[in-house]
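Asker: Got a file for you: start.txt, compact mmCIF, C-alpha atoms and all ligand atoms.
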```txt
# COMPACT_ATOMS: atom_id res chain seq x y z
CA MET A 1172 23.68 -10.71 14.30
CA GLN A 1173 23.61 -13.45 11.69
CA ILE A 1174 20.17 -13.38 10.05
CA LYS A 1175 19.03 -16.71 8.74
CA ASN A 1176 15.24 -17.00 9.04
CA VAL A 1177 13.03 -14.42 7.40
CA ALA A 1178 9.23 -14.47 7.35
CA VAL A 1179 7.17 -12.65 4.72
CA ILE A 1180 3.52 -11.98 5.46
CA GLY A 1181 1.52 -10.92 2.42
CA THR A 1182 2.60 -12.48 -0.86
CA GLY A 1183 0.60 -10.35 -3.28
CA ILE A 1184 1.84 -8.26 -6.20
CA MET A 1185 4.73 -6.82 -4.17
CA GLY A 1186 5.31 -9.35 -1.39
CA ALA A 1187 5.75 -12.38 -3.66
CA PRO A 1188 8.67 -11.03 -5.70
CA ILE A 1189 10.25 -9.61 -2.53
CA ALA A 1190 10.10 -13.07 -0.94
CA GLY A 1191 11.58 -14.49 -4.15
CA HIS A 1192 14.62 -12.22 -3.85
CA LEU A 1193 15.09 -13.31 -0.24
CA LEU A 1194 15.14 -16.94 -1.40
CA ASP A 1195 17.65 -16.00 -4.10
CA ALA A 1196 19.82 -14.33 -1.46
CA GLY A 1197 19.94 -17.59 0.52
CA PHE A 1198 17.67 -16.77 3.44
CA ASP A 1199 15.45 -19.46 4.92
CA VAL A 1200 12.05 -17.99 4.05
CA THR A 1201 8.67 -18.73 5.62
CA VAL A 1202 5.59 -17.18 4.04
CA HIS A 1203 2.00 -16.57 5.05
CA ASN A 1204 -0.76 -15.02 2.98
CA ARG A 1205 -4.52 -14.80 3.48
CA THR A 1206 -5.00 -16.84 0.32
CA ARG A 1207 -2.51 -19.69 0.19
CA GLU A 1208 -2.58 -20.02 -3.62
CA LYS A 1209 -0.74 -16.72 -3.97
CA ALA A 1210 2.22 -18.28 -2.17
CA GLU A 1211 2.34 -21.57 -4.11
CA ALA A 1212 5.05 -20.46 -6.55
CA LEU A 1213 7.26 -19.48 -3.61
CA LEU A 1214 6.61 -22.80 -1.87
CA ALA A 1215 7.68 -24.58 -5.05
CA ARG A 1216 10.95 -22.63 -4.85
CA GLY A 1217 11.66 -23.75 -1.29
CA ALA A 1218 9.81 -21.32 0.95
CA HIS A 1219 7.98 -22.83 3.96
CA TRP A 1220 4.27 -22.25 4.49
CA ALA A 1221 2.78 -20.97 7.75
CA ASP A 1222 -0.95 -20.96 8.48
CA THR A 1223 -0.87 -17.76 10.52
CA PRO A 1224 1.35 -14.69 10.97
CA ALA A 1225 2.23 -16.04 14.44
CA GLU A 1226 3.38 -19.36 12.99
CA ALA A 1227 5.37 -17.56 10.29
CA ALA A 1228 7.12 -15.43 12.89
CA ALA A 1229 7.81 -18.22 15.38
CA GLN A 1230 11.39 -18.89 14.22
CA ALA A 1231 12.03 -15.68 12.32
CA ASP A 1232 14.89 -13.29 12.99
CA VAL A 1233 13.19 -10.79 10.69
CA VAL A 1234 9.51 -10.52 9.73
CA LEU A 1235 8.52 -8.46 6.69
CA THR A 1236 4.88 -7.54 6.25
CA MET A 1237 3.48 -6.42 2.88
CA VAL A 1238 -0.29 -6.47 3.31
CA GLY A 1239 -2.89 -4.14 1.82
CA TYR A 1240 -4.43 -1.68 4.27
CA PRO A 1241 -3.76 -0.18 7.70
CA THR A 1242 -6.52 -2.45 8.99
CA ASP A 1243 -4.55 -5.47 7.74
CA VAL A 1244 -1.39 -4.14 9.37
CA GLU A 1245 -3.26 -3.66 12.62
CA ASP A 1246 -4.62 -7.23 12.49
CA VAL A 1247 -1.22 -8.72 11.74
CA TYR A 1248 0.65 -6.77 14.45
CA LEU A 1249 -1.73 -5.83 17.21
CA SER A 1250 -4.41 -8.54 17.41
CA THR A 1251 -4.24 -11.13 20.18
CA GLU A 1252 -2.21 -13.48 17.99
CA GLY A 1253 -0.40 -10.61 16.32
CA LEU A 1254 3.33 -10.22 15.78
CA ILE A 1255 3.87 -7.92 18.74
CA ARG A 1256 2.94 -10.74 21.07
CA THR A 1257 4.00 -13.78 19.09
CA ALA A 1258 7.31 -12.90 17.39
CA ARG A 1259 10.54 -13.88 19.11
CA LYS A 1260 12.16 -11.53 21.61
CA GLY A 1261 14.74 -9.49 19.74
CA ALA A 1262 13.08 -10.10 16.35
CA TRP A 1263 12.89 -7.34 13.75
CA LEU A 1264 9.39 -6.49 12.49
CA ILE A 1265 9.46 -4.42 9.31
CA ASP A 1266 6.27 -3.14 7.73
CA LEU A 1267 6.57 -2.51 3.98
CA THR A 1268 2.86 -1.76 3.53
CA THR A 1269 1.84 1.82 2.75
CA SER A 1270 0.01 2.57 5.96
CA SER A 1271 -0.73 5.14 8.64
CA PRO A 1272 2.18 7.04 10.27
CA GLN A 1273 0.43 6.95 13.65
CA LEU A 1274 -0.14 3.21 13.43
CA ALA A 1275 3.57 2.80 12.64
CA ARG A 1276 4.43 4.75 15.78
CA ASP A 1277 2.03 2.63 17.86
CA ILE A 1278 3.57 -0.57 16.51
CA HIS A 1279 7.09 0.69 17.16
CA ASP A 1280 6.23 1.59 20.76
CA ALA A 1281 4.37 -1.67 21.42
CA ALA A 1282 7.28 -3.68 20.00
CA GLU A 1283 9.77 -1.87 22.21
CA VAL A 1284 7.79 -2.82 25.31
CA GLU A 1285 8.00 -6.47 24.20
CA ASP A 1286 11.77 -6.33 23.49
CA LYS A 1287 11.29 -6.46 19.73
CA HIS A 1288 12.38 -3.98 17.06
CA ALA A 1289 9.78 -2.56 14.67
CA PHE A 1290 10.05 0.10 11.99
CA ASP A 1291 8.00 1.30 9.04
CA CYS A 1292 9.56 0.84 5.64
CA PRO A 1293 7.13 1.60 2.81
CA VAL A 1294 8.51 1.20 -0.68
CA THR A 1295 8.34 2.84 -4.07
CA GLY A 1296 9.27 1.51 -7.47
CA GLY A 1297 6.12 -0.42 -8.29
CA GLU A 1298 5.64 -4.02 -9.29
CA GLN A 1299 8.57 -3.76 -11.71
CA GLY A 1300 10.85 -2.54 -8.93
CA ALA A 1301 9.76 -5.48 -6.77
CA VAL A 1302 10.34 -7.96 -9.61
CA ASP A 1303 13.74 -6.44 -10.40
CA GLY A 1304 14.71 -6.19 -6.72
CA THR A 1305 15.39 -2.48 -7.14
CA LEU A 1306 12.79 -0.94 -4.83
CA THR A 1307 13.40 2.33 -3.04
CA LEU A 1308 12.82 2.02 0.71
CA ILE A 1309 11.47 4.91 2.78
CA ILE A 1310 12.50 4.11 6.30
CA GLY A 1311 11.11 5.29 9.62
CA ALA A 1312 14.35 4.75 11.54
CA THR A 1313 17.99 5.85 11.42
CA GLU A 1314 20.64 4.25 9.23
CA GLU A 1315 22.43 3.10 12.38
CA GLN A 1316 19.30 1.44 13.80
CA VAL A 1317 18.63 -0.41 10.57
CA ALA A 1318 22.23 -1.60 10.02
CA PRO A 1319 21.71 -5.08 11.56
CA VAL A 1320 19.01 -5.95 9.01
CA LEU A 1321 20.60 -4.27 5.99
CA PRO A 1322 21.45 -7.60 4.27
CA VAL A 1323 17.72 -8.44 4.23
CA LEU A 1324 16.73 -5.04 2.85
CA GLU A 1325 19.51 -5.07 0.27
CA ALA A 1326 18.11 -8.29 -1.19
CA PHE A 1327 15.19 -6.40 -2.75
CA SER A 1328 16.11 -2.72 -2.83
CA SER A 1329 18.64 -0.48 -4.51
CA ARG A 1330 18.05 2.80 -2.64
CA ARG A 1331 17.18 3.55 0.95
CA PHE A 1332 16.09 6.86 2.46
CA TYR A 1333 16.12 7.23 6.23
CA PHE A 1334 13.53 9.44 7.91
CA ASP A 1335 14.96 8.71 11.33
CA ARG A 1336 11.85 8.30 13.49
CA PRO A 1337 8.92 5.89 13.76
CA GLY A 1338 6.22 6.82 11.26
CA GLY A 1339 8.68 8.99 9.31
CA GLY A 1340 8.81 6.52 6.45
CA GLN A 1341 5.02 6.45 6.14
CA ALA A 1342 4.79 10.25 6.36
CA ALA A 1343 7.33 10.61 3.53
CA LYS A 1344 5.62 7.90 1.47
CA LEU A 1345 2.32 9.80 1.69
CA CYS A 1346 4.08 12.88 0.28
CA ASN A 1347 5.24 10.74 -2.64
CA GLN A 1348 1.71 9.42 -3.12
CA VAL A 1349 0.04 12.83 -3.31
CA SER A 1350 2.56 13.84 -5.95
CA LEU A 1351 1.96 10.59 -7.84
CA ALA A 1352 -1.82 11.08 -7.65
CA SER A 1353 -1.60 14.55 -9.18
CA CYS A 1354 0.82 13.32 -11.86
CA MET A 1355 -1.74 10.69 -12.79
CA VAL A 1356 -4.53 13.23 -13.05
CA GLY A 1357 -2.16 15.44 -15.04
CA TYR A 1358 -1.45 12.86 -17.70
CA ALA A 1359 -5.08 11.69 -17.81
CA ASP A 1360 -6.14 15.31 -18.47
CA ALA A 1361 -3.45 15.64 -21.15
CA LEU A 1362 -4.49 12.46 -22.97
CA ALA A 1363 -8.18 13.47 -22.91
CA LEU A 1364 -7.32 16.89 -24.31
CA ALA A 1365 -5.15 15.36 -27.03
CA GLN A 1366 -7.82 12.87 -28.04
CA GLN A 1367 -10.59 15.48 -28.14
CA SER A 1368 -8.33 17.84 -30.10
CA GLY A 1369 -7.79 15.17 -32.73
CA ILE A 1370 -4.04 14.97 -32.20
CA ASP A 1371 -2.04 11.81 -31.66
CA PRO A 1372 -1.88 11.19 -27.88
CA GLU A 1373 1.22 9.02 -28.25
CA ARG A 1374 3.10 11.92 -29.82
CA VAL A 1375 1.83 14.18 -27.04
CA LEU A 1376 3.36 11.74 -24.55
CA GLU A 1377 6.65 12.01 -26.45
CA VAL A 1378 6.49 15.79 -26.16
CA MET A 1379 5.79 15.52 -22.45
CA ALA A 1380 8.71 13.11 -21.99
CA ALA A 1381 11.03 15.49 -23.85
CA GLY A 1382 10.13 18.43 -21.66
CA THR A 1383 8.92 19.18 -18.16
CA GLY A 1384 5.31 18.04 -18.60
CA GLY A 1385 6.18 14.37 -18.21
CA SER A 1386 6.44 12.33 -15.03
CA GLY A 1387 7.33 8.83 -13.91
CA ALA A 1388 3.61 8.10 -14.07
CA SER A 1389 3.19 9.37 -17.63
CA ARG A 1390 6.33 7.52 -18.73
CA THR A 1391 5.39 4.12 -17.29
CA LEU A 1392 1.59 4.14 -17.01
CA ALA A 1393 0.22 6.39 -19.76
CA PRO A 1394 1.27 3.93 -22.51
CA LYS A 1395 -0.74 1.25 -20.68
CA SER A 1396 -3.74 3.58 -20.47
CA LEU A 1397 -3.52 4.20 -24.21
CA ALA A 1398 -3.20 0.49 -24.95
CA GLY A 1399 -6.25 -0.33 -22.80
CA ASP A 1400 -4.10 -2.43 -20.46
CA TYR A 1401 -5.67 -1.96 -17.03
CA LYS A 1402 -4.07 -4.92 -15.28
CA PRO A 1403 -2.55 -3.99 -11.88
CA GLY A 1404 0.53 -3.07 -11.16
CA PHE A 1405 -0.64 -0.82 -8.46
CA LEU A 1406 -4.29 -1.24 -7.50
CA ALA A 1407 -6.50 1.84 -7.89
CA GLU A 1408 -8.06 1.08 -4.50
CA HIS A 1409 -4.62 1.19 -2.89
CA LEU A 1410 -3.90 4.62 -4.33
CA ARG A 1411 -7.31 5.78 -3.07
CA LYS A 1412 -6.28 4.48 0.37
CA ASP A 1413 -2.99 6.38 0.19
CA ILE A 1414 -4.63 9.65 -0.85
CA ALA A 1415 -7.23 9.21 1.92
CA LEU A 1416 -4.42 8.78 4.46
CA ALA A 1417 -2.69 11.90 3.15
CA LEU A 1418 -5.91 13.93 3.25
CA GLN A 1419 -6.56 12.77 6.78
CA ARG A 1420 -3.09 13.95 7.73
CA SER A 1421 -3.67 17.28 5.99
CA GLU A 1422 -6.83 17.76 8.08
CA GLU A 1423 -4.85 17.14 11.24
CA LEU A 1424 -2.29 19.68 10.09
CA GLU A 1425 -5.04 22.09 9.02
CA ILE A 1426 -3.68 22.46 5.52
CA THR A 1427 -5.39 22.02 2.15
CA LEU A 1428 -4.10 19.74 -0.59
CA PRO A 1429 -6.20 20.66 -3.62
CA GLY A 1430 -4.40 18.29 -5.98
CA ALA A 1431 -4.89 15.36 -3.65
CA GLU A 1432 -8.55 16.26 -3.14
CA THR A 1433 -9.17 16.23 -6.89
CA ALA A 1434 -7.32 12.97 -7.29
CA PHE A 1435 -9.25 11.42 -4.42
CA THR A 1436 -12.58 12.35 -6.01
CA LEU A 1437 -11.52 10.71 -9.26
CA PHE A 1438 -9.98 7.56 -7.81
CA ASP A 1439 -12.90 7.15 -5.44
CA MET A 1440 -15.23 7.35 -8.44
CA LEU A 1441 -13.18 4.77 -10.32
CA CYS A 1442 -13.29 2.42 -7.33
CA GLN A 1443 -17.03 2.91 -6.83
CA ILE A 1444 -17.85 1.94 -10.39
CA GLY A 1445 -15.87 -1.29 -10.25
CA GLY A 1446 -12.30 -0.23 -11.02
CA GLY A 1447 -10.78 -0.68 -7.56
CA ARG A 1448 -8.90 -3.85 -8.51
CA MET A 1449 -7.70 -2.38 -11.80
CA GLY A 1450 -4.33 -0.70 -12.11
CA THR A 1451 -4.22 3.04 -11.36
CA GLN A 1452 -3.79 3.69 -15.10
CA ALA A 1453 -7.51 2.87 -15.50
CA LEU A 1454 -8.10 6.44 -14.32
CA THR A 1455 -8.23 7.50 -17.97
CA LEU A 1456 -11.40 5.43 -18.43
CA LEU A 1457 -13.27 8.11 -16.46
CA TYR A 1458 -12.67 10.50 -19.36
CA GLN A 1459 -14.07 8.12 -21.97
CA GLU A 1460 -17.50 7.34 -23.38
CA GLU A 1461 -19.65 5.01 -21.30
CA ALA A 1462 -19.37 2.23 -23.89
CA ALA A 1463 -15.59 2.12 -23.41
CA CYS A 1464 -16.07 1.93 -19.64
CA VAL A 1465 -18.59 -0.90 -19.97
CA ALA A 1466 -16.25 -2.76 -22.31
CA ALA A 1467 -13.53 -2.48 -19.65
CA GLY A 1468 -15.88 -3.84 -16.99
CA LEU A 1469 -16.98 -0.64 -15.26
CA ASP A 1470 -20.57 0.13 -14.29
CA TRP A 1471 -21.51 3.81 -13.83
CA SER A 1472 -24.83 2.84 -12.22
CA LEU A 1473 -22.85 1.83 -9.12
CA LEU A 1474 -21.75 5.41 -8.51
CA ASP A 1475 -22.83 6.65 -5.07
CA GLN A 1476 -24.85 3.49 -4.41
CA GLY A 1477 -22.55 2.62 -1.53
CA ASP A 1478 -23.31 6.03 0.00
CA GLU A 1479 -27.04 5.37 -0.05
CA GLU A 1480 -26.68 2.01 1.64
CA ASP A 1481 -24.20 3.23 4.20
CA ALA A 1482 -23.63 6.89 4.88
CA HIS A 1483 -20.24 5.99 6.31
CA GLU A 1484 -17.82 5.97 3.41
CA CYS A 1485 -15.01 3.63 4.20
CA HIS A 1486 -11.92 2.62 2.28
CA CYS A 1487 -10.46 0.32 4.85
CA GLY A 1488 -11.18 -2.89 2.98
CA HIS A 1489 -13.72 -4.26 5.46
CA ASP A 1490 -17.37 -5.02 4.99
CA HIS A 1491 -19.28 -2.97 7.49
CA GLY A 1492 -22.18 -5.07 8.68
CA GLU A 1493 -24.31 -3.96 11.57
CA GLY A 1494 -22.39 -3.91 14.81
CA HIS A 1495 -19.06 -4.02 12.98
CA GLU A 1496 -16.38 -2.43 15.07
CA CYS A 1497 -14.12 -0.61 12.72
CA HIS A 1498 -10.37 -0.34 13.12
CA CYS A 1499 -9.88 1.76 10.05
CA HIS A 1500 -7.12 4.29 9.75
CA ASP A 1501 -8.11 6.02 6.61
CA HIS A 1502 -11.40 7.85 6.84
CA ASP A 1503 -13.80 10.03 8.75
CA HIS A 1504 -16.26 8.30 10.99
CA GLY A 1505 -19.97 9.00 11.25
CA HIS A 1506 -21.34 10.07 14.60
CA ASP A 1507 -22.45 6.63 15.75
CA HIS A 1508 -19.38 4.88 14.44
CA GLU A 1509 -17.18 3.24 17.02
CA CYS A 1510 -13.63 4.15 16.23
CA HIS A 1511 -10.33 2.56 17.18
CA CYS A 1512 -8.18 4.60 14.89
CA HIS A 1513 -4.65 5.59 15.75
CA ASP A 1514 -4.35 8.69 13.72
CA HIS A 1515 -7.10 11.11 14.67
CA GLU A 1516 -9.25 12.20 17.51
P1 LIG B 1601 -1.83 -7.02 -3.02
O1 LIG B 1601 -1.44 -7.70 -4.28
O2 LIG B 1601 -3.27 -6.87 -2.69
O3 LIG B 1601 -1.07 -7.76 -1.83
C1 LIG B 1601 -1.42 -7.67 -0.48
C2 LIG B 1601 -1.36 -9.08 0.05
O4 LIG B 1601 -1.54 -9.06 1.45
C3 LIG B 1601 -2.47 -9.97 -0.54
O5 LIG B 1601 -1.86 -11.13 -1.07
C4 LIG B 1601 -3.35 -10.27 0.67
O6 LIG B 1601 -3.87 -11.55 0.64
C5 LIG B 1601 -2.36 -10.17 1.81
N1 LIG B 1601 -2.99 -9.84 3.07
C6 LIG B 1601 -3.75 -8.78 3.38
N2 LIG B 1601 -4.12 -8.83 4.66
C7 LIG B 1601 -3.59 -9.95 5.18
C8 LIG B 1601 -3.60 -10.55 6.46
N3 LIG B 1601 -4.28 -9.99 7.46
N4 LIG B 1601 -2.94 -11.71 6.63
C9 LIG B 1601 -2.29 -12.28 5.60
N5 LIG B 1601 -2.21 -11.77 4.37
C10 LIG B 1601 -2.87 -10.60 4.16
O7 LIG B 1601 -1.20 -5.55 -2.98
P2 LIG B 1601 0.27 -5.06 -3.37
O8 LIG B 1601 0.19 -4.39 -4.69
O9 LIG B 1601 1.25 -6.14 -3.16
O10 LIG B 1601 0.46 -3.89 -2.31
C11 LIG B 1601 0.75 -4.15 -0.96
C12 LIG B 1601 1.00 -2.81 -0.25
O11 LIG B 1601 2.09 -2.14 -0.88
C13 LIG B 1601 -0.18 -1.84 -0.30
O12 LIG B 1601 -0.25 -1.13 0.91
C14 LIG B 1601 0.18 -0.91 -1.45
O13 LIG B 1601 -0.43 0.34 -1.29
C15 LIG B 1601 1.69 -0.87 -1.32
N6 LIG B 1601 2.43 -0.62 -2.55
C16 LIG B 1601 2.08 -1.22 -3.73
C17 LIG B 1601 2.84 -0.97 -4.87
C18 LIG B 1601 2.49 -1.58 -6.21
O14 LIG B 1601 2.96 -1.07 -7.23
N7 LIG B 1601 1.71 -2.64 -6.26
C19 LIG B 1601 3.94 -0.11 -4.80
C20 LIG B 1601 4.29 0.45 -3.58
C21 LIG B 1601 3.54 0.18 -2.47
P3 LIG B 1601 -5.17 -11.92 -0.22
O15 LIG B 1601 -5.00 -11.29 -1.57
O16 LIG B 1601 -5.12 -13.39 -0.24
O17 LIG B 1601 -6.32 -11.35 0.49
```
Please re-express this file's structure in structure tokens.

Answerer:
Amino acid sequence: MQIKNVAVIGTGIMGAPIAGHLLDAGFDVTVHNRTREKAEALLARGAHWADTPAEAAAQADVVLTMVGYPTDVEDVYLSTEGLIRTARKGAWLIDLTTSSPQLARDIHDAAEVEDKHAFDCPVTGGEQGAVDGTLTLIIGATEEQVAPVLPVLEAFSSRRFYFDRPGGGQAAKLCNQVSLASCMVGYADALALAQQSGIDPERVLEVMAAGTGGSGASRTLAPKSLAGDYKPGFLAEHLRKDIALALQRSEELEITLPGAETAFTLFDMLCQIGGGRMGTQALTLLYQEEAACVAAGLDWSLLDQGDEEDAHECHCGHDHGEGHECHCHDHDHGHDHECHCHDHE
């Protein structure tokens, strides 16, 4: 199959540079994003604008989605005007979002019924990997199945791992995320200990990098933490979402993930006090004096306020007004909460 038209839905931190690489590779690219401004730079480079996911997919051989939350994925694929119904017969629908394994399976199955191909393909490598076009892809399909769309994937990735079945990519990505979350807590602990011990935290990072105490997170993000650079990169609220998905899966499997539980508590706290849209490296602010947190824009008085207003703690990205029907995939539901989740009873 000769692939010419590619649609990209979600042109945020990751989706925009990915779409840019597709333009560079010569594909005819159509983009849609909830906020049009985030796509303007791509439009200036020759991408076409579409007002809806359905319009973006209308002519597309391949549709890539890179939205925020499982709820967004569900809207884009499974709503009345979603891709499952509106994309062309035979089109490839590839979800790059970090999302729920069960939702990925549901989308795969629904696409098959409609004579379309869908697979999950979360990524790792961060904003820099997206900008450089060197992302690692974690694919919920076999190498053979994915072969027809390889030229599209190769435009923005340098490594691809195949997990052979629908949802397999998301399941593997969540494993990566729990490890990342604990690495982040590890380096945040180390920097706090160094600072309180009166030793140079930068030199401690060098020691960690020279030995086995370092990690990708401490190498790339700890210097930003030390410099007070909390710009995202990778949003803290997205890592909270990922850890919540992993914890939900661990409940289903009846296993305990103590590292992920600790990390969830900390990232949830950071998000509650106003750090959700900061980069994950803002985690280290939790270890600092209140004045430093205030200077960075955090507000400790917000802690647990959400719980008082609404006993249902949700990280799906929706407002939950009265009568709101929730389609979340990443949390427990209170007893009177109407649930349409795909990944738990
Ligand atoms: P982001 O900057 O928030 O981008 C998400 C984009 O999706 C936003 O531009 C958002 O539009 C758009 N969007 C959401 N729902 C939509 C919908 N229903 N229709 C149209 N557009 C919609 O986040 P990101 O950093 O690119 O991350 C995207 C996903 O990749 C997340 O699942 C994240 O966990 C994962 N991820 C991120 C990184 C990273 O380093 N950033 C690395 C690996 C994986 P608006 O902003 O206009 O609402």

Asker: Select, from A:Asp1303, A:Glu1422, A:Glu1373, A:Glu1408, the residue with the minimum atom-to-atom distance to ligand LIG 1601 (chain B), counting only C-alpha atoms and all ligand atoms.

Answerer: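 Smallest distance to ligand LIG 1601 (chain B) is found for A:Glu1408.
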
Asker: Select, from A:Leu1392, A:Ala1318, A:Val1177, A:Ala1415, the residue with the minimum atom-to-atom distance to Gln1299 (chain A), counting all atoms listed in the file.

Answerer: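 Of A:Leu1392, A:Ala1318, A:Val1177, A:Ala1415, the one nearest Gln1299 (chain A) is A:Leu1392, counting all atoms listed in the file.
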
Asker: Using all atoms listed in the file, pick whichever of A:Val1233, A:Val1349, A:Ala1407, A:Ala1398 has the shortest atom-to-atom distance to ligand LIG 1601 (chain B).

Answerer: A:Ala1407

Asker: Between CA of Gln1341 (chain A) and CA of Ala1275 (chain A), measure the distance and give it in Å to one decimal.

Answerer: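 According to the coordinates, CA of Gln1341 (chain A) and CA of Ala1275 (chain A) are separated by 7.6 Å.
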
Asker: Please report, as JSON lines, each residue of region 1390-1487 of chain A lying at most 12 Å from region 1262-1268 of chain A, together with the nearest pair of atoms and the separation in Å rounded to one decimal; use only C-alpha atoms, and order rows by chain and ascending residue number.

Answerer:
```
{"residue": "A:His1409", "atom": "CA", "partner": "A:Thr1268", "partner_atom": "CA", "distance": 10.3}
{"residue": "A:Lys1412", "atom": "CA", "partner": "A:Thr1268", "partner_atom": "CA", "distance": 11.5}
{"residue": "A:Asp1413", "atom": "CA", "partner": "A:Thr1268", "partner_atom": "CA", "distance": 10.6}
```

Asker: Enumerate as a ChimeraX atom specification the residues within 7 Å of ligand LIG 1601 (chain B), counting all atoms listed in the file.

Answerer: /A:1180-1186,1203-1207,1209,1224,1237-1240,1243-1244,1246-1247,1267-1270,1293-1298,1404-1406,1409-1410,1413

Asker: Please provide the set of residues having any atom within 7 Å of Ala1225 (chain A), restricted to only C-alpha atoms, with same-chain residues fewer than 6 positions apart removed, written as a list in words.

Answerer: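 With the cut-off at 7 Å, the set is Glu1252, Gly1253, Leu1254, Thr1257 and Ala1258 of chain A.
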
Asker: Excluding same-chain residues fewer than 5 positions from Ala1312 (chain A), what lies within 9 Å of it counting all atoms listed in the file, as a PyMOL selection string?

Answerer: chain A and resi 1290-1292+1317+1333-1340

Asker: At what distance in Å, to one decimal, does CA of Asn1176 (chain A) lie from CA of Ala1231 (chain A)?

Answerer: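 Pair CA of Ala1231 (chain A) / CA of Asn1176 (chain A) returns 4.8 Å.
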
Asker: So what do you get for CA of Pro1394 (chain A) versus CA of Gln1452 (chain A), distance-wise?

Answerer: 9.0 Å
